[in-house]
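Student: Here it is, the structure in full.
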Amino acid sequence: NATTRRDAENNIVGVVGVAQDVTEAAKHDRAVAAMANELRQLVDTANAPIFGIDVDGNVNEWNDKTAEITGFCGDEAFNQPLVSTFIVPKLRQSVQEVLDNALRGKGTSNYELEFRTKSNEIRYLLVNATTRRDAENNIVGVVGVAQDVTEAAKHDRAVAAMANELRQLVDTANAPIFGIDVDGNVNEWNDKTAEITGFCGDEAFNQPLVSTFIVPKLRQSVQEVLDNALRGKGTSNYELEFRTKSNEIRYLLVNATTRRD
(Lines give C-alpha, C1' and ligand atoms only; values in the text may rest on other atoms or scores of the structure.)
Protein backbone atom coordinates (compact mmCIF):
# COMPACT_ATOMS: atom_id res chain seq x y z
CA ASN A 1 0.00 0.00 0.00
CA ALA A 2 1.64 3.34 -1.06
CA THR A 3 0.64 6.21 1.20
CA THR A 4 1.57 9.91 0.98
CA ARG A 5 3.86 11.13 3.77
CA ARG A 6 3.36 14.68 5.16
CA ASP A 7 5.10 16.88 7.70
CA ALA A 8 3.57 18.78 10.60
CA GLU A 9 2.46 21.58 8.24
CA ASN A 10 0.82 18.99 5.95
CA ASN A 11 3.42 19.37 3.26
CA ILE A 12 4.12 16.25 1.22
CA VAL A 13 7.55 15.01 2.10
CA GLY A 14 7.51 11.51 0.65
CA VAL A 15 5.77 8.19 0.36
CA VAL A 16 5.60 5.26 2.72
CA GLY A 17 4.89 1.76 1.53
CA VAL A 18 3.46 -0.99 3.72
CA ALA A 19 3.95 -4.41 2.08
CA GLN A 20 3.17 -8.06 2.47
CA ASP A 21 5.51 -10.76 1.24
CA VAL A 22 3.38 -12.87 -1.14
CA THR A 23 6.26 -14.72 -2.77
CA GLU A 24 5.06 -18.18 -1.77
CA ALA A 25 1.45 -17.43 -2.65
CA ALA A 26 2.53 -16.07 -6.05
CA LYS A 27 4.63 -19.17 -6.69
CA HIS A 28 1.67 -21.34 -5.71
CA ASP A 29 -0.70 -19.39 -7.98
CA ARG A 30 1.71 -19.68 -10.88
CA ALA A 31 2.12 -23.42 -10.25
CA VAL A 32 -1.65 -23.85 -10.17
CA ALA A 33 -2.02 -21.84 -13.37
CA ALA A 34 0.70 -23.90 -15.05
CA MET A 35 -1.01 -27.13 -13.97
CA ALA A 36 -4.38 -25.87 -15.18
CA ASN A 37 -2.82 -24.96 -18.53
CA GLU A 38 -1.18 -28.38 -18.77
CA LEU A 39 -4.47 -30.12 -17.96
CA ARG A 40 -6.23 -27.98 -20.58
CA GLN A 41 -3.66 -29.06 -23.17
CA LEU A 42 -4.02 -32.69 -22.13
CA VAL A 43 -7.81 -32.50 -22.52
CA ASP A 44 -7.65 -30.66 -25.83
CA THR A 45 -5.07 -32.99 -27.40
CA ALA A 46 -6.15 -36.29 -25.77
CA ASN A 47 -6.53 -39.24 -28.11
CA ALA A 48 -10.01 -39.86 -26.70
CA PRO A 49 -13.12 -37.74 -27.22
CA ILE A 50 -13.83 -35.58 -24.16
CA PHE A 51 -16.91 -33.39 -24.01
CA GLY A 52 -18.90 -31.74 -21.27
CA ILE A 53 -22.06 -29.84 -20.43
CA ASP A 54 -23.10 -27.20 -17.93
CA VAL A 55 -26.05 -27.58 -15.54
CA ASP A 56 -28.42 -26.58 -18.37
CA GLY A 57 -27.20 -29.36 -20.64
CA ASN A 58 -25.34 -27.05 -23.01
CA VAL A 59 -21.90 -27.99 -24.34
CA ASN A 60 -19.00 -26.30 -22.53
CA GLU A 61 -16.25 -28.85 -23.24
CA TRP A 62 -15.38 -30.20 -26.69
CA ASN A 63 -11.85 -31.39 -27.29
CA ASP A 64 -10.02 -31.84 -30.57
CA LYS A 65 -10.80 -35.56 -30.82
CA THR A 66 -14.52 -34.94 -30.34
CA ALA A 67 -14.34 -32.35 -33.11
CA GLU A 68 -12.48 -34.80 -35.35
CA ILE A 69 -14.97 -37.61 -34.75
CA THR A 70 -18.14 -35.54 -35.10
CA GLY A 71 -17.02 -33.04 -37.72
CA PHE A 72 -18.29 -30.18 -35.54
CA CYS A 73 -15.59 -27.78 -34.35
CA GLY A 74 -15.66 -26.30 -30.87
CA ASP A 75 -17.23 -23.03 -32.01
CA GLU A 76 -20.10 -24.93 -33.62
CA ALA A 77 -20.65 -27.15 -30.57
CA PHE A 78 -20.24 -24.71 -27.67
CA ASN A 79 -23.46 -23.58 -25.98
CA GLN A 80 -25.54 -26.03 -28.04
CA PRO A 81 -27.81 -28.45 -26.15
CA LEU A 82 -25.84 -31.70 -26.29
CA VAL A 83 -28.72 -34.18 -26.37
CA SER A 84 -31.02 -32.57 -28.93
CA THR A 85 -28.17 -31.46 -31.20
CA PHE A 86 -25.78 -34.41 -31.27
CA ILE A 87 -27.55 -37.55 -29.99
CA VAL A 88 -29.68 -39.72 -32.29
CA PRO A 89 -33.41 -39.43 -31.48
CA LYS A 90 -33.92 -42.99 -30.26
CA LEU A 91 -31.33 -42.54 -27.48
CA ARG A 92 -32.11 -38.99 -26.36
CA GLN A 93 -34.26 -39.97 -23.40
CA SER A 94 -31.80 -42.52 -22.01
CA VAL A 95 -28.80 -40.20 -22.56
CA GLN A 96 -30.68 -37.40 -20.82
CA GLU A 97 -31.24 -39.72 -17.86
CA VAL A 98 -27.51 -40.50 -17.69
CA LEU A 99 -26.66 -36.78 -17.73
CA ASP A 100 -29.35 -35.96 -15.18
CA ASN A 101 -27.96 -38.64 -12.87
CA ALA A 102 -24.45 -37.19 -13.23
CA LEU A 103 -25.84 -33.71 -12.46
CA ARG A 104 -27.18 -35.23 -9.22
CA GLY A 105 -23.74 -36.65 -8.42
CA LYS A 106 -24.24 -40.18 -9.77
CA GLY A 107 -21.83 -41.02 -12.58
CA THR A 108 -22.24 -43.73 -15.21
CA SER A 109 -19.52 -45.96 -16.67
CA ASN A 110 -19.33 -47.66 -20.08
CA TYR A 111 -22.56 -46.28 -21.47
CA GLU A 112 -22.80 -46.68 -25.25
CA LEU A 113 -24.30 -43.74 -27.09
CA GLU A 114 -24.63 -42.82 -30.73
CA PHE A 115 -23.38 -39.41 -31.86
CA ARG A 116 -24.70 -37.84 -35.02
CA THR A 117 -21.85 -36.35 -37.05
CA LYS A 118 -21.94 -33.27 -39.25
CA SER A 119 -22.19 -35.55 -42.30
CA ASN A 120 -25.14 -37.38 -40.70
CA GLU A 121 -23.14 -40.52 -40.00
CA ILE A 122 -23.34 -42.35 -36.68
CA ARG A 123 -20.37 -42.75 -34.35
CA TYR A 124 -20.65 -45.17 -31.45
CA LEU A 125 -18.98 -43.96 -28.26
CA LEU A 126 -18.47 -45.81 -25.00
CA VAL A 127 -18.70 -43.07 -22.37
CA ASN A 128 -17.93 -42.52 -18.71
CA ALA A 129 -20.12 -39.63 -17.52
CA THR A 130 -18.63 -37.92 -14.45
CA THR A 131 -19.99 -35.12 -12.27
CA ARG A 132 -18.06 -31.86 -12.61
CA ARG A 133 -17.64 -29.68 -9.49
CA ASP A 134 -16.21 -26.25 -8.73
CA ALA A 135 -13.75 -25.30 -5.98
CA GLU A 136 -16.58 -25.18 -3.42
CA ASN A 137 -17.69 -28.70 -4.44
CA ASN A 138 -20.84 -27.41 -6.12
CA ILE A 139 -22.00 -29.42 -9.13
CA VAL A 140 -21.45 -27.30 -12.24
CA GLY A 141 -21.86 -29.84 -15.02
CA VAL A 142 -20.89 -33.20 -16.46
CA VAL A 143 -17.78 -34.30 -18.33
CA GLY A 144 -17.79 -37.34 -20.59
CA VAL A 145 -14.62 -39.24 -21.43
CA ALA A 146 -15.30 -41.58 -24.30
CA GLN A 147 -13.85 -44.31 -26.45
CA ASP A 148 -14.76 -44.45 -30.12
CA VAL A 149 -16.04 -48.01 -30.65
CA THR A 150 -17.65 -47.38 -34.04
CA GLU A 151 -15.73 -50.06 -35.93
CA ALA A 152 -16.24 -52.63 -33.17
CA ALA A 153 -19.94 -51.73 -32.96
CA LYS A 154 -20.34 -52.06 -36.72
CA HIS A 155 -18.58 -55.43 -36.59
CA ASP A 156 -20.78 -56.63 -33.72
CA ARG A 157 -23.91 -55.53 -35.54
CA ALA A 158 -22.75 -57.24 -38.73
CA VAL A 159 -22.08 -60.46 -36.80
CA ALA A 160 -25.48 -60.20 -35.10
CA ALA A 161 -27.17 -59.62 -38.46
CA MET A 162 -25.36 -62.63 -39.92
CA ALA A 163 -26.31 -64.78 -36.93
CA ASN A 164 -29.92 -63.68 -37.29
CA GLU A 165 -29.83 -64.48 -40.99
CA LEU A 166 -28.37 -67.93 -40.31
CA ARG A 167 -31.02 -68.50 -37.65
CA GLN A 168 -33.73 -67.67 -40.19
CA LEU A 169 -32.09 -69.94 -42.76
CA VAL A 170 -32.02 -72.82 -40.27
CA ASP A 171 -35.58 -72.25 -39.10
CA THR A 172 -37.05 -71.96 -42.59
CA ALA A 173 -34.81 -74.45 -44.41
CA ASN A 174 -36.59 -76.97 -46.62
CA ALA A 175 -34.74 -79.79 -44.86
CA PRO A 176 -35.15 -81.03 -41.28
CA ILE A 177 -32.41 -79.66 -39.03
CA PHE A 178 -32.17 -80.75 -35.42
CA GLY A 179 -29.47 -80.73 -32.77
CA ILE A 180 -28.53 -81.82 -29.28
CA ASP A 181 -26.38 -80.51 -26.45
CA VAL A 182 -23.58 -82.52 -24.83
CA ASP A 183 -26.16 -84.35 -22.69
CA GLY A 184 -28.09 -85.54 -25.72
CA ASN A 185 -31.05 -83.22 -25.16
CA VAL A 186 -32.66 -81.41 -28.06
CA ASN A 187 -31.56 -77.77 -28.48
CA GLU A 188 -32.24 -77.32 -32.21
CA TRP A 189 -35.50 -78.17 -33.97
CA ASN A 190 -36.36 -76.26 -37.11
CA ASP A 191 -39.75 -75.77 -38.75
CA LYS A 192 -39.28 -78.65 -41.20
CA THR A 193 -38.42 -81.07 -38.38
CA ALA A 194 -41.56 -79.94 -36.57
CA GLU A 195 -43.60 -80.44 -39.74
CA ILE A 196 -42.22 -83.95 -40.37
CA THR A 197 -42.46 -85.23 -36.81
CA GLY A 198 -45.57 -83.42 -35.66
CA PHE A 199 -43.75 -82.22 -32.53
CA CYS A 200 -43.34 -78.46 -32.28
CA GLY A 201 -40.17 -76.89 -30.91
CA ASP A 202 -41.60 -76.37 -27.43
CA GLU A 203 -42.48 -80.07 -27.22
CA ALA A 204 -39.07 -81.20 -28.47
CA PHE A 205 -36.68 -78.83 -26.69
CA ASN A 206 -34.76 -80.29 -23.73
CA GLN A 207 -36.09 -83.78 -24.45
CA PRO A 208 -33.55 -86.62 -24.85
CA LEU A 209 -33.43 -87.08 -28.62
CA VAL A 210 -32.72 -90.80 -28.76
CA SER A 211 -35.15 -92.12 -26.19
CA THR A 212 -37.94 -89.73 -27.20
CA PHE A 213 -37.87 -89.68 -30.99
CA ILE A 214 -35.85 -92.65 -32.28
CA VAL A 215 -37.47 -96.07 -32.75
CA PRO A 216 -36.22 -98.61 -30.16
CA LYS A 217 -34.36 -100.87 -32.58
CA LEU A 218 -32.08 -98.02 -33.73
CA ARG A 219 -31.45 -96.25 -30.44
CA GLN A 220 -28.11 -97.90 -29.72
CA SER A 221 -26.67 -97.24 -33.19
CA VAL A 222 -27.99 -93.67 -33.27
CA GLN A 223 -26.50 -93.07 -29.83
CA GLU A 224 -23.13 -94.27 -31.16
CA VAL A 225 -23.36 -91.85 -34.10
CA LEU A 226 -24.14 -88.97 -31.74
CA ASP A 227 -21.39 -89.98 -29.31
CA ASN A 228 -18.89 -90.02 -32.18
CA ALA A 229 -19.99 -86.56 -33.26
CA LEU A 230 -19.61 -85.36 -29.65
CA ARG A 231 -16.02 -86.60 -29.82
CA GLY A 232 -15.45 -84.62 -33.04
CA LYS A 233 -16.08 -87.43 -35.54
CA GLY A 234 -19.03 -86.71 -37.81
CA THR A 235 -21.10 -89.18 -39.80
CA SER A 236 -22.56 -88.69 -43.29
CA ASN A 237 -25.66 -90.20 -44.89
CA TYR A 238 -26.78 -92.22 -41.88
CA GLU A 239 -30.35 -93.46 -42.20
CA LEU A 240 -32.45 -93.28 -39.06
CA GLU A 241 -36.12 -93.71 -38.28
CA PHE A 242 -37.96 -90.95 -36.45
CA ARG A 243 -41.12 -91.66 -34.52
CA THR A 244 -43.73 -89.00 -35.22
CA LYS A 245 -46.36 -87.66 -32.86
CA SER A 246 -48.95 -89.85 -34.59
CA ASN A 247 -46.69 -92.90 -34.13
CA GLU A 248 -45.76 -93.11 -37.79
CA ILE A 249 -42.18 -93.68 -38.93
CA ARG A 250 -40.25 -91.14 -40.98
CA TYR A 251 -37.01 -92.24 -42.60
CA LEU A 252 -34.31 -89.56 -42.58
CA LEU A 253 -30.87 -89.59 -44.20
CA VAL A 254 -28.75 -87.60 -41.77
CA ASN A 255 -25.38 -85.90 -41.63
CA ALA A 256 -24.33 -85.69 -37.96
CA THR A 257 -21.84 -82.86 -37.48
CA THR A 258 -20.00 -81.75 -34.38
CA ARG A 259 -21.18 -78.39 -33.04
CA ARG A 260 -18.61 -76.09 -31.43
CA ASP A 261 -18.77 -72.76 -29.60
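FYI, nothing fancy with the C-alpha coordinates labels: chains A, B, ... in order, residues from 1 per chain, ligands from 1 as they appear.
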Using only C-alpha atoms, determine which residues lie at most 8 Å from range 228-232 of chain A, disregarding the query and same-chain residues fewer than 5 positions distant; provide the list as a VMD selection string.
Tutor: chain A and resid 182 256 to 259
Student: Run DSSP on the backbone of this structure and report the residues of range 1-220 of chain A it assigns to strand (DSSP E), as an NGL selection string.
Tutor: :A and (2-6 or 12-17 or 50-54 or 59-62 or 108-116 or 122-133 or 139-148 or 178-180 or 186-189)
Student: Would you kindly return, as a ChimeraX atom specification, each protein, DNA or RNA residue with an atom no farther than 10 Å from any atom of range 185-196 of chain A, considering only C-alpha atoms and excluding same-chain residues fewer than 4 positions away?
Tutor: /A:167-181,200-212,242-245,249-250,252
Student: My list of candidates is A:Ser84, A:Asn255, A:Thr3, A:Asn110. Which is closest to Asp148 in chain A when distances are computed with only C-alpha atoms?
Tutor: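 Under the stated criterion, the closest residue is A:Asn110.
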Student: List the neighbours of Leu253 in chain A out to 9 Å using only C-alpha atoms; skip same-chain residues closer than 6 positions along the sequence, and give me the result as a list in words.
Tutor: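 Residues near the query, excluding close chain neighbours: Ser236, Asn237, Tyr238, Glu239, Leu240 and Glu241 of chain A.
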Student: Take the residues just selected and output them with N, CA and C atoms as a short mmCIF file (atom, residue, chain, number, x, y, z; two decimals), in the first residue's frame.
Tutor:
```cif
data_model
loop_
_atom_site.label_atom_id
_atom_site.label_comp_id
_atom_site.auth_asym_id
_atom_site.auth_seq_id
_atom_site.Cartn_x
_atom_site.Cartn_y
_atom_site.Cartn_z
N SER A 236 -21.78 -89.15 -42.14
CA SER A 236 -22.56 -88.69 -43.29
C SER A 236 -23.51 -89.78 -43.77
N ASN A 237 -24.67 -89.33 -44.25
CA ASN A 237 -25.66 -90.20 -44.89
C ASN A 237 -26.03 -91.41 -44.04
N TYR A 238 -26.33 -91.16 -42.77
CA TYR A 238 -26.78 -92.22 -41.88
C TYR A 238 -28.30 -92.22 -41.87
N GLU A 239 -28.90 -93.37 -42.13
CA GLU A 239 -30.35 -93.46 -42.20
C GLU A 239 -30.91 -93.81 -40.81
N LEU A 240 -31.81 -92.98 -40.33
CA LEU A 240 -32.45 -93.28 -39.06
C LEU A 240 -33.97 -93.16 -39.22
N GLU A 241 -34.66 -93.70 -38.24
CA GLU A 241 -36.12 -93.71 -38.28
C GLU A 241 -36.65 -92.90 -37.10
#
```
